[in-house]
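Novice: Dropping a structure here in structure tokens format, bear with me for questions.
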Amino acid sequence: MDFSTDMLGSMLEIYDQSPNIVWWKDLEHRYRLINRAGAVSLGFKSSKISYESPTDYDIPNHLREHADQFVELDNYVLKTGIPISILCFGKYSDGQWRMHICNVHTILNNNNCIMGLAGNSIEITDTPLMRSALFLIEGGMIFNQDINHPHFNLILQNAYDDFKLSSRESECLFFYIRGYTAKEVALKMGIKYKTIQNYLERIKIKMGCSSRSQIVEKALHRGMGKILPKQLLLSSSDRMRE
């Protein structure tokens with residue numbers, strides 16, 4: 001199996017009928033296939049781009065400025081072989097703000113070797129899940145500042161699995177990474193300050209750290225600042241109903 005022109009053409013005829021974004025990239029991060037929905041979202045003139053094999057640095061609009069983010073996420077999947085789900089929020093080629101859940105995984109050839117990446121994105125604009133994410137953003141929970149970014153991506157995970165943190169411990173760490181104090185975290189999570197202190201002590205033990213600053217430094221070094229615990233989206237839905 002390889003990215004042959006005939007194969008790509010046949011697959012494109014199928015994927016062009018999907019309302020969701022579908023793409024394939026090779027090991028050099030070149031788009032070998034992108035369907036009509038993806039081409040429109042990214043600003044390409046046509047889904048028939050396999051002959052040109054553009055990269056994220058060739059996207060013909062402002063999303064090109066975030067190509068480094070896209071490549072970094074691609075490299076994570078290529079290096080680990082682990083599929084990821086990404087929460088993507090940004091302004092697209094038509095000037096509209098949209099939110100997607102993007103799933104990225106490796107493509108294997110007949111010898112079981114990685115030959116590229118495949119991704120599909122489902123738009124969740126105007127859904128309860130997007131409203132939950134916006135609740136986090138507007139409340140300063142994702143960014144401890146006003147959001148002026150035209151685009152951002154966060155990896156969705158159940159918890160910070162590297163250190164076997166629980167869902168609640170993962171939520172605490174998410175806020176610590178963003179500079180919140182223990183009292184502020186208690187307020188945002190709606191639980192007692194003493195409980196947050198207990199979570200912090202458990203996080204220290206699991207991460208092998210002796211201070212909060214060491215926790216943050218280690219977490220950022222491991223790339224955990226790019227992760228959004230899924231439970232945080234669910235708990236924000238509950239807070240919206242209160």
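Labels for the structure tokens follow display order: chains A, B, ..., residues from 1 in each chain, ligands from 1.
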Got a sec: who's within 7 Å of A:Trp24, counting only C-alpha atoms, leaving out chain neighbours fewer than 5 positions off, as a ChimeraX atom specification?
Specialist: /A:31-34,117-119
Novice: From a DSSP pass on the backbone, collect the residues of stretch 43-147 of chain A flagged as strand (DSSP E or B) and hand them back as a ChimeraX atom specification.
Specialist: /A:84-91,97-108,114-123
Novice: For the residues in the current selection, export C-alpha atoms as a compact mmCIF listing (two decimals), in the first residue's frame.
Specialist:
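Below you can see out-v4.txt, which holds the result:
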```txt
# COMPACT_ATOMS: atom_id res chain seq x y z
CA ILE A 84 -5.14 11.50 19.68
CA SER A 85 -8.30 13.58 19.82
CA ILE A 86 -7.83 17.35 19.58
CA LEU A 87 -10.19 20.19 20.45
CA CYS A 88 -9.66 22.79 17.70
CA PHE A 89 -11.14 26.27 17.95
CA GLY A 90 -10.44 29.02 15.48
CA LYS A 91 -11.43 31.34 12.67
CA TRP A 97 -15.35 30.92 14.29
CA ARG A 98 -15.76 27.16 14.48
CA MET A 99 -14.91 24.34 16.83
CA HIS A 100 -13.97 20.81 15.79
CA ILE A 101 -13.01 17.53 17.41
CA CYS A 102 -10.14 16.20 15.28
CA ASN A 103 -8.98 12.58 15.51
CA VAL A 104 -5.48 11.77 14.20
CA HIS A 105 -3.92 8.32 13.82
CA THR A 106 -1.13 6.62 11.88
CA ILE A 107 -1.52 4.83 8.55
CA LEU A 108 0.37 1.54 8.22
CA ILE A 114 4.03 3.85 9.49
CA MET A 115 3.60 5.54 6.11
CA GLY A 116 1.69 8.63 7.17
CA LEU A 117 -1.20 10.06 9.12
CA ALA A 118 -4.95 10.15 8.69
CA GLY A 119 -7.26 12.67 10.30
CA ASN A 120 -10.95 13.40 10.46
CA SER A 121 -12.67 16.39 12.02
CA ILE A 122 -16.26 16.67 13.19
CA GLU A 123 -17.62 20.18 13.63
```
Novice: Could you list, as a compact mmCIF listing (two decimals) with all heavy atoms, in the first residue's frame, every residue within 12 Å of stretch 153-166 of chain A, counting only C-alpha atoms and ignoring same-chain residues fewer than 6 positions away?
Specialist:
```txt
# COMPACT_ATOMS: atom_id res chain seq x y z
N LEU A 63 -4.47 30.55 8.87
CA LEU A 63 -4.18 29.30 9.57
C LEU A 63 -2.74 28.85 9.34
O LEU A 63 -2.19 28.08 10.14
CB LEU A 63 -5.16 28.21 9.12
CG LEU A 63 -6.62 28.40 9.55
CD1 LEU A 63 -7.49 27.31 8.95
CD2 LEU A 63 -6.74 28.41 11.06
N HIS A 66 -0.22 28.99 12.11
CA HIS A 66 -0.24 27.99 13.17
C HIS A 66 0.26 26.64 12.69
O HIS A 66 0.04 25.62 13.33
CB HIS A 66 -1.66 27.87 13.73
CG HIS A 66 -2.24 29.19 14.13
ND1 HIS A 66 -1.89 29.82 15.30
CD2 HIS A 66 -3.08 30.03 13.47
CE1 HIS A 66 -2.52 30.99 15.36
NE2 HIS A 66 -3.24 31.14 14.26
N ALA A 67 0.97 26.66 11.56
CA ALA A 67 1.49 25.41 10.99
C ALA A 67 2.40 24.68 11.97
O ALA A 67 2.39 23.44 12.04
CB ALA A 67 2.23 25.70 9.69
N ASP A 68 3.19 25.43 12.75
CA ASP A 68 4.08 24.78 13.72
C ASP A 68 3.29 23.94 14.72
O ASP A 68 3.73 22.85 15.12
CB ASP A 68 4.92 25.82 14.46
CG ASP A 68 6.01 26.43 13.60
OD1 ASP A 68 6.34 25.83 12.55
OD2 ASP A 68 6.54 27.48 13.97
N GLN A 69 2.12 24.45 15.15
CA GLN A 69 1.27 23.69 16.08
C GLN A 69 0.81 22.38 15.44
O GLN A 69 0.85 21.32 16.07
CB GLN A 69 0.04 24.51 16.47
CG GLN A 69 0.29 25.73 17.33
CD GLN A 69 -1.02 26.39 17.69
OE1 GLN A 69 -2.00 25.73 18.04
NE2 GLN A 69 -1.05 27.71 17.58
N PHE A 70 0.34 22.49 14.20
CA PHE A 70 -0.18 21.30 13.51
C PHE A 70 0.92 20.25 13.34
O PHE A 70 0.69 19.06 13.57
CB PHE A 70 -0.75 21.69 12.15
CG PHE A 70 -1.80 22.76 12.19
CD1 PHE A 70 -1.92 23.69 11.17
CD2 PHE A 70 -2.68 22.86 13.26
CE1 PHE A 70 -2.88 24.69 11.21
CE2 PHE A 70 -3.65 23.85 13.31
CZ PHE A 70 -3.75 24.77 12.28
N VAL A 71 2.11 20.69 12.94
CA VAL A 71 3.23 19.76 12.73
C VAL A 71 3.65 19.12 14.04
O VAL A 71 3.98 17.93 14.10
CB VAL A 71 4.42 20.49 12.06
CG1 VAL A 71 5.65 19.60 12.02
CG2 VAL A 71 4.03 20.93 10.64
N GLU A 72 3.65 19.91 15.11
CA GLU A 72 4.03 19.38 16.42
C GLU A 72 3.09 18.26 16.86
O GLU A 72 3.53 17.22 17.37
CB GLU A 72 4.03 20.50 17.46
CG GLU A 72 4.52 20.07 18.84
CD GLU A 72 4.55 21.21 19.83
OE1 GLU A 72 4.06 22.33 19.49
OE2 GLU A 72 5.04 21.01 20.95
N LEU A 73 1.80 18.46 16.65
CA LEU A 73 0.83 17.42 17.01
C LEU A 73 1.00 16.19 16.11
O LEU A 73 0.92 15.05 16.59
CB LEU A 73 -0.59 17.98 16.88
CG LEU A 73 -0.97 19.04 17.92
CD1 LEU A 73 -2.28 19.71 17.53
CD2 LEU A 73 -1.08 18.42 19.31
N ASP A 74 1.25 16.42 14.81
CA ASP A 74 1.50 15.30 13.90
C ASP A 74 2.71 14.49 14.36
O ASP A 74 2.69 13.25 14.36
CB ASP A 74 1.74 15.81 12.48
CG ASP A 74 0.49 16.35 11.82
OD1 ASP A 74 -0.61 16.15 12.38
OD2 ASP A 74 0.61 16.98 10.75
N TYR A 76 3.92 14.17 17.31
CA TYR A 76 3.61 13.41 18.53
C TYR A 76 3.00 12.07 18.17
O TYR A 76 3.39 11.02 18.71
CB TYR A 76 2.65 14.21 19.41
CG TYR A 76 2.15 13.44 20.61
CD1 TYR A 76 2.90 13.37 21.78
CD2 TYR A 76 0.92 12.77 20.58
CE1 TYR A 76 2.45 12.65 22.88
CE2 TYR A 76 0.47 12.05 21.66
CZ TYR A 76 1.23 12.00 22.82
OH TYR A 76 0.79 11.26 23.90
N VAL A 77 2.05 12.07 17.23
CA VAL A 77 1.40 10.82 16.84
C VAL A 77 2.39 9.91 16.10
O VAL A 77 2.42 8.69 16.32
CB VAL A 77 0.17 11.11 15.96
CG1 VAL A 77 -0.50 9.80 15.53
CG2 VAL A 77 -0.83 11.97 16.71
N ILE A 82 0.40 6.70 19.04
CA ILE A 82 -0.83 6.76 19.81
C ILE A 82 -1.82 7.71 19.14
O ILE A 82 -1.49 8.88 18.91
CB ILE A 82 -0.56 7.24 21.24
CG1 ILE A 82 0.42 6.29 21.95
CG2 ILE A 82 -1.85 7.36 22.03
CD1 ILE A 82 0.87 6.80 23.31
N PRO A 83 -3.03 7.25 18.81
CA PRO A 83 -4.03 8.16 18.25
C PRO A 83 -4.39 9.23 19.27
O PRO A 83 -4.38 9.00 20.48
CB PRO A 83 -5.23 7.24 17.97
CG PRO A 83 -4.67 5.86 17.97
CD PRO A 83 -3.53 5.86 18.93
N ILE A 84 -4.74 10.43 18.79
CA ILE A 84 -5.14 11.50 19.68
C ILE A 84 -6.41 12.16 19.19
O ILE A 84 -6.74 12.11 18.00
CB ILE A 84 -4.04 12.59 19.84
CG1 ILE A 84 -3.70 13.23 18.48
CG2 ILE A 84 -2.80 12.03 20.50
CD1 ILE A 84 -2.76 14.42 18.59
N SER A 85 -7.15 12.74 20.13
CA SER A 85 -8.30 13.58 19.82
C SER A 85 -7.93 15.00 20.22
O SER A 85 -7.37 15.22 21.30
CB SER A 85 -9.54 13.12 20.59
OG SER A 85 -9.94 11.83 20.17
N ILE A 86 -8.23 15.96 19.36
CA ILE A 86 -7.83 17.35 19.58
C ILE A 86 -9.06 18.24 19.53
O ILE A 86 -9.90 18.11 18.62
CB ILE A 86 -6.83 17.81 18.50
CG1 ILE A 86 -5.67 16.82 18.38
CG2 ILE A 86 -6.30 19.21 18.82
CD1 ILE A 86 -4.84 17.02 17.13
N LEU A 87 -9.17 19.15 20.49
CA LEU A 87 -10.19 20.19 20.45
C LEU A 87 -9.60 21.37 19.71
O LEU A 87 -8.62 21.97 20.14
CB LEU A 87 -10.58 20.59 21.87
CG LEU A 87 -11.65 21.69 21.98
CD1 LEU A 87 -13.00 21.16 21.51
CD2 LEU A 87 -11.76 22.20 23.41
N CYS A 88 -10.16 21.70 18.56
CA CYS A 88 -9.66 22.79 17.70
C CYS A 88 -10.69 23.91 17.66
O CYS A 88 -11.86 23.66 17.34
CB CYS A 88 -9.41 22.29 16.28
SG CYS A 88 -8.33 20.87 16.16
N PHE A 89 -10.25 25.12 17.97
CA PHE A 89 -11.14 26.27 17.95
C PHE A 89 -10.45 27.40 17.23
O PHE A 89 -9.32 27.76 17.56
CB PHE A 89 -11.49 26.69 19.38
CG PHE A 89 -12.44 27.86 19.47
CD1 PHE A 89 -13.67 27.82 18.84
CD2 PHE A 89 -12.10 28.99 20.19
CE1 PHE A 89 -14.55 28.89 18.93
CE2 PHE A 89 -12.97 30.07 20.28
CZ PHE A 89 -14.20 30.02 19.65
N GLY A 90 -11.10 27.95 16.21
CA GLY A 90 -10.44 29.02 15.48
C GLY A 90 -11.32 29.63 14.41
O GLY A 90 -12.45 29.21 14.17
N MET A 99 -15.59 25.28 15.95
CA MET A 99 -14.91 24.34 16.83
C MET A 99 -15.07 22.93 16.28
O MET A 99 -16.16 22.56 15.82
CB MET A 99 -15.49 24.42 18.25
CG MET A 99 -14.72 23.60 19.28
SD MET A 99 -15.26 23.93 20.99
CE MET A 99 -14.51 25.54 21.26
N HIS A 100 -13.97 22.18 16.29
CA HIS A 100 -13.97 20.81 15.79
C HIS A 100 -13.34 19.86 16.82
O HIS A 100 -12.51 20.29 17.62
CB HIS A 100 -13.16 20.69 14.49
CG HIS A 100 -13.76 21.35 13.30
ND1 HIS A 100 -13.66 22.71 13.07
CD2 HIS A 100 -14.47 20.84 12.24
CE1 HIS A 100 -14.28 23.01 11.94
NE2 HIS A 100 -14.76 21.90 11.41
N ILE A 101 -13.75 18.62 16.76
CA ILE A 101 -13.01 17.53 17.41
C ILE A 101 -12.28 16.81 16.28
O ILE A 101 -12.91 16.28 15.36
CB ILE A 101 -13.94 16.54 18.14
CG1 ILE A 101 -14.69 17.24 19.27
CG2 ILE A 101 -13.11 15.37 18.67
CD1 ILE A 101 -13.89 17.51 20.50
N CYS A 102 -10.95 16.81 16.33
CA CYS A 102 -10.14 16.20 15.28
C CYS A 102 -9.46 14.95 15.83
O CYS A 102 -8.81 15.00 16.88
CB CYS A 102 -9.09 17.19 14.78
SG CYS A 102 -8.05 16.54 13.45
N ASN A 103 -9.63 13.84 15.13
CA ASN A 103 -8.98 12.58 15.51
C ASN A 103 -7.85 12.28 14.52
O ASN A 103 -8.07 12.31 13.31
CB ASN A 103 -10.00 11.43 15.50
CG ASN A 103 -11.14 11.69 16.46
OD1 ASN A 103 -10.96 11.77 17.66
ND2 ASN A 103 -12.34 11.85 15.92
N VAL A 104 -6.66 12.02 15.04
CA VAL A 104 -5.48 11.77 14.20
C VAL A 104 -4.87 10.42 14.57
O VAL A 104 -4.69 10.13 15.76
CB VAL A 104 -4.43 12.88 14.38
CG1 VAL A 104 -3.25 12.65 13.44
CG2 VAL A 104 -5.04 14.26 14.13
N ALA A 133 -16.97 24.26 26.24
CA ALA A 133 -15.61 24.76 26.01
C ALA A 133 -15.57 26.28 26.11
O ALA A 133 -14.65 26.85 26.69
CB ALA A 133 -15.12 24.29 24.64
N ILE A 142 -9.24 28.07 30.59
CA ILE A 142 -8.25 27.53 29.66
C ILE A 142 -7.09 28.49 29.51
O ILE A 142 -5.93 28.11 29.51
CB ILE A 142 -8.91 27.23 28.29
CG1 ILE A 142 -9.85 26.02 28.43
CG2 ILE A 142 -7.87 26.95 27.22
CD1 ILE A 142 -10.52 25.61 27.15
N PHE A 143 -7.40 29.77 29.40
CA PHE A 143 -6.37 30.80 29.31
C PHE A 143 -6.56 31.75 30.49
O PHE A 143 -7.64 32.30 30.65
CB PHE A 143 -6.47 31.59 28.00
CG PHE A 143 -6.29 30.73 26.78
CD1 PHE A 143 -7.39 30.29 26.08
CD2 PHE A 143 -5.03 30.35 26.36
CE1 PHE A 143 -7.23 29.50 24.95
CE2 PHE A 143 -4.87 29.56 25.24
CZ PHE A 143 -5.98 29.13 24.54
N CYS A 172 -6.86 19.69 38.74
CA CYS A 172 -6.02 20.59 39.55
C CYS A 172 -4.74 20.96 38.81
O CYS A 172 -4.35 22.13 38.75
CB CYS A 172 -5.66 19.92 40.88
SG CYS A 172 -7.00 19.87 42.07
N LEU A 173 -4.08 19.96 38.24
CA LEU A 173 -2.83 20.21 37.53
C LEU A 173 -3.06 21.12 36.34
O LEU A 173 -2.24 22.00 36.05
CB LEU A 173 -2.20 18.88 37.09
CG LEU A 173 -0.88 19.00 36.32
CD1 LEU A 173 0.15 19.75 37.15
CD2 LEU A 173 -0.35 17.61 35.95
N PHE A 174 -4.16 20.92 35.64
CA PHE A 174 -4.51 21.78 34.50
C PHE A 174 -4.50 23.25 34.92
O PHE A 174 -3.96 24.11 34.23
CB PHE A 174 -5.88 21.38 33.97
CG PHE A 174 -6.35 22.19 32.80
CD1 PHE A 174 -6.00 21.85 31.51
CD2 PHE A 174 -7.16 23.31 32.99
CE1 PHE A 174 -6.45 22.60 30.42
CE2 PHE A 174 -7.60 24.07 31.92
CZ PHE A 174 -7.25 23.71 30.63
N TYR A 199 -5.09 17.23 47.15
CA TYR A 199 -4.79 16.85 45.77
C TYR A 199 -3.36 17.24 45.41
O TYR A 199 -2.64 16.46 44.77
CB TYR A 199 -5.75 17.54 44.80
CG TYR A 199 -7.15 16.96 44.78
CD1 TYR A 199 -8.25 17.79 44.54
CD2 TYR A 199 -7.39 15.61 44.98
CE1 TYR A 199 -9.54 17.28 44.50
CE2 TYR A 199 -8.67 15.09 44.96
CZ TYR A 199 -9.74 15.93 44.73
OH TYR A 199 -11.02 15.43 44.69
N LEU A 200 -2.95 18.43 45.82
CA LEU A 200 -1.61 18.91 45.51
C LEU A 200 -0.55 18.00 46.11
O LEU A 200 0.45 17.68 45.44
CB LEU A 200 -1.42 20.34 46.02
CG LEU A 200 -0.04 20.97 45.81
CD1 LEU A 200 0.33 20.98 44.33
CD2 LEU A 200 0.00 22.39 46.38
N GLU A 201 -0.75 17.55 47.34
CA GLU A 201 0.21 16.66 47.98
C GLU A 201 0.29 15.33 47.24
O GLU A 201 1.39 14.77 47.06
CB GLU A 201 -0.17 16.43 49.46
CG GLU A 201 -0.01 17.66 50.34
CD GLU A 201 1.40 18.23 50.28
OE1 GLU A 201 2.37 17.45 50.38
OE2 GLU A 201 1.52 19.46 50.09
N ARG A 202 -0.85 14.82 46.78
CA ARG A 202 -0.85 13.55 46.05
C ARG A 202 -0.17 13.71 44.69
O ARG A 202 0.53 12.81 44.22
CB ARG A 202 -2.28 13.04 45.88
CG ARG A 202 -2.94 12.62 47.19
CD ARG A 202 -3.96 11.52 46.98
NE ARG A 202 -5.12 11.97 46.24
CZ ARG A 202 -6.26 12.36 46.80
NH1 ARG A 202 -6.38 12.37 48.12
NH2 ARG A 202 -7.28 12.72 46.06
N ILE A 203 -0.40 14.87 44.05
CA ILE A 203 0.26 15.14 42.76
C ILE A 203 1.77 15.19 42.94
O ILE A 203 2.52 14.66 42.11
CB ILE A 203 -0.26 16.47 42.16
CG1 ILE A 203 -1.73 16.34 41.76
CG2 ILE A 203 0.56 16.87 40.93
CD1 ILE A 203 -2.39 17.65 41.37
N LYS A 204 2.24 15.82 44.01
CA LYS A 204 3.68 15.88 44.30
C LYS A 204 4.28 14.48 44.39
O LYS A 204 5.34 14.20 43.81
CB LYS A 204 3.94 16.62 45.61
CG LYS A 204 3.76 18.12 45.57
CD LYS A 204 4.05 18.70 46.95
CE LYS A 204 3.83 20.20 47.00
NZ LYS A 204 4.05 20.73 48.36
N ILE A 205 3.59 13.61 45.10
CA ILE A 205 4.10 12.24 45.29
C ILE A 205 4.14 11.50 43.96
O ILE A 205 5.15 10.87 43.61
CB ILE A 205 3.21 11.49 46.31
CG1 ILE A 205 3.36 12.10 47.71
CG2 ILE A 205 3.58 10.00 46.34
CD1 ILE A 205 2.38 11.56 48.72
N LYS A 206 3.06 11.56 43.20
CA LYS A 206 2.98 10.82 41.94
C LYS A 206 3.96 11.34 40.90
O LYS A 206 4.46 10.57 40.08
CB LYS A 206 1.55 10.88 41.39
CG LYS A 206 0.54 10.10 42.22
CD LYS A 206 -0.84 10.14 41.60
CE LYS A 206 -1.84 9.32 42.42
NZ LYS A 206 -3.20 9.31 41.82
N MET A 207 4.24 12.65 40.93
CA MET A 207 5.15 13.23 39.95
C MET A 207 6.58 13.31 40.45
O MET A 207 7.48 13.73 39.71
CB MET A 207 4.66 14.63 39.55
CG MET A 207 3.34 14.62 38.79
SD MET A 207 2.79 16.27 38.22
CE MET A 207 4.09 16.66 37.04
N GLY A 208 6.81 12.90 41.70
CA GLY A 208 8.16 12.92 42.26
C GLY A 208 8.70 14.32 42.44
O GLY A 208 9.89 14.57 42.20
N CYS A 209 7.84 15.23 42.87
CA CYS A 209 8.24 16.63 43.06
C CYS A 209 8.09 17.03 44.52
O CYS A 209 7.30 16.44 45.27
CB CYS A 209 7.38 17.55 42.19
SG CYS A 209 7.53 17.23 40.41
N ILE A 215 6.37 20.89 40.07
CA ILE A 215 5.26 20.23 39.37
C ILE A 215 5.00 20.91 38.02
O ILE A 215 4.91 20.25 36.98
CB ILE A 215 3.98 20.28 40.23
CG1 ILE A 215 4.10 19.34 41.44
CG2 ILE A 215 2.75 19.89 39.39
CD1 ILE A 215 2.94 19.45 42.40
N LYS A 218 7.90 20.41 35.51
CA LYS A 218 7.95 19.05 34.97
C LYS A 218 6.80 18.82 34.00
O LYS A 218 6.97 18.18 32.94
CB LYS A 218 7.88 18.05 36.13
CG LYS A 218 8.24 16.63 35.75
CD LYS A 218 8.38 15.78 37.01
CE LYS A 218 9.10 14.49 36.74
NZ LYS A 218 9.35 13.72 37.99
N ALA A 219 5.63 19.33 34.35
CA ALA A 219 4.46 19.14 33.49
C ALA A 219 4.66 19.83 32.15
O ALA A 219 4.35 19.26 31.09
CB ALA A 219 3.21 19.69 34.19
N ARG A 222 7.05 18.02 29.89
CA ARG A 222 6.47 16.81 29.29
C ARG A 222 5.36 17.14 28.30
O ARG A 222 4.70 16.23 27.79
CB ARG A 222 5.93 15.91 30.40
CG ARG A 222 6.98 15.40 31.37
CD ARG A 222 7.84 14.33 30.75
NE ARG A 222 7.15 13.08 30.62
CZ ARG A 222 7.16 12.10 31.55
NH1 ARG A 222 7.83 12.27 32.68
NH2 ARG A 222 6.52 10.98 31.35
N GLY A 223 5.14 18.43 28.02
CA GLY A 223 4.12 18.81 27.04
C GLY A 223 2.70 18.74 27.55
O GLY A 223 1.75 18.75 26.76
N MET A 224 2.53 18.70 28.87
CA MET A 224 1.20 18.53 29.44
C MET A 224 0.37 19.82 29.41
O MET A 224 -0.83 19.80 29.67
CB MET A 224 1.32 17.99 30.86
CG MET A 224 1.94 16.59 30.89
SD MET A 224 2.56 16.08 32.50
CE MET A 224 1.04 15.77 33.37
N GLY A 225 1.00 20.93 29.08
CA GLY A 225 0.26 22.18 28.93
C GLY A 225 -0.66 22.18 27.73
O GLY A 225 -1.55 23.03 27.62
N LYS A 226 -0.46 21.22 26.82
CA LYS A 226 -1.29 21.14 25.61
C LYS A 226 -2.46 20.18 25.77
O LYS A 226 -3.17 19.89 24.82
CB LYS A 226 -0.43 20.71 24.42
CG LYS A 226 0.74 21.64 24.11
CD LYS A 226 1.53 21.13 22.93
CE LYS A 226 2.70 22.05 22.62
NZ LYS A 226 3.72 22.02 23.70
N ILE A 227 -2.64 19.65 27.00
CA ILE A 227 -3.67 18.64 27.24
C ILE A 227 -4.85 19.25 28.00
O ILE A 227 -4.67 19.99 28.96
CB ILE A 227 -3.09 17.45 28.03
CG1 ILE A 227 -2.05 16.72 27.17
CG2 ILE A 227 -4.19 16.49 28.47
CD1 ILE A 227 -1.30 15.64 27.91
N LEU A 228 -6.05 18.93 27.56
CA LEU A 228 -7.28 19.33 28.25
C LEU A 228 -7.96 18.06 28.76
O LEU A 228 -8.40 17.24 27.96
CB LEU A 228 -8.21 20.09 27.31
CG LEU A 228 -9.60 20.42 27.85
CD1 LEU A 228 -9.52 21.36 29.04
CD2 LEU A 228 -10.48 21.03 26.75
N PRO A 229 -8.04 17.86 30.09
CA PRO A 229 -8.75 16.68 30.62
C PRO A 229 -10.21 16.69 30.19
O PRO A 229 -10.91 17.69 30.34
CB PRO A 229 -8.61 16.85 32.14
CG PRO A 229 -7.41 17.73 32.33
CD PRO A 229 -7.45 18.67 31.17
N LYS A 230 -10.68 15.56 29.64
CA LYS A 230 -12.06 15.49 29.15
C LYS A 230 -13.06 15.79 30.26
O LYS A 230 -14.10 16.40 30.03
CB LYS A 230 -12.34 14.10 28.56
CG LYS A 230 -11.60 13.82 27.27
CD LYS A 230 -11.95 12.43 26.76
CE LYS A 230 -11.21 12.12 25.46
NZ LYS A 230 -11.53 10.75 24.97
N GLN A 231 -12.74 15.36 31.47
CA GLN A 231 -13.65 15.56 32.59
C GLN A 231 -13.94 17.03 32.83
O GLN A 231 -15.01 17.40 33.30
CB GLN A 231 -13.07 14.92 33.86
CG GLN A 231 -13.94 15.05 35.10
CD GLN A 231 -15.29 14.39 34.93
OE1 GLN A 231 -15.42 13.40 34.20
NE2 GLN A 231 -16.31 14.93 35.57
N LEU A 232 -12.99 17.88 32.49
CA LEU A 232 -13.17 19.32 32.70
C LEU A 232 -14.30 19.86 31.83
O LEU A 232 -15.06 20.74 32.26
CB LEU A 232 -11.87 20.05 32.39
CG LEU A 232 -11.68 21.44 32.99
CD1 LEU A 232 -11.84 21.42 34.50
CD2 LEU A 232 -10.30 21.99 32.63
N LEU A 233 -14.43 19.34 30.62
CA LEU A 233 -15.54 19.75 29.76
C LEU A 233 -16.87 19.29 30.34
O LEU A 233 -17.85 20.03 30.32
CB LEU A 233 -15.37 19.16 28.35
CG LEU A 233 -14.38 19.83 27.41
CD1 LEU A 233 -14.34 19.07 26.10
CD2 LEU A 233 -14.72 21.29 27.18
N LEU A 234 -16.89 18.07 30.87
CA LEU A 234 -18.13 17.53 31.43
C LEU A 234 -18.54 18.29 32.68
O LEU A 234 -19.71 18.62 32.88
CB LEU A 234 -17.97 16.04 31.74
CG LEU A 234 -17.64 15.15 30.54
CD1 LEU A 234 -17.44 13.72 31.00
CD2 LEU A 234 -18.75 15.22 29.51
```
Novice: Which of stretch 165-215 of chain A counts as alpha helix (DSSP H) under DSSP, as number ranges by chain please?
Specialist: A: 167-177, 182-189, 193-207, 212-215
Novice: Given only C-alpha atoms as the basis, pick out the residue of A:Val216, A:Ser210, A:Ala182, A:Arg131 nearest to A:Gln197.
Specialist: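 Once distances to A:Gln197 are computed over only C-alpha atoms, the minimum belongs to A:Ala182.
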Novice: Using only C-alpha atoms for the distances, tell me which of A:Glu217, A:Lys48, A:Asp56, A:Arg168 is nearest to A:Thr195.
Specialist: A:Arg168
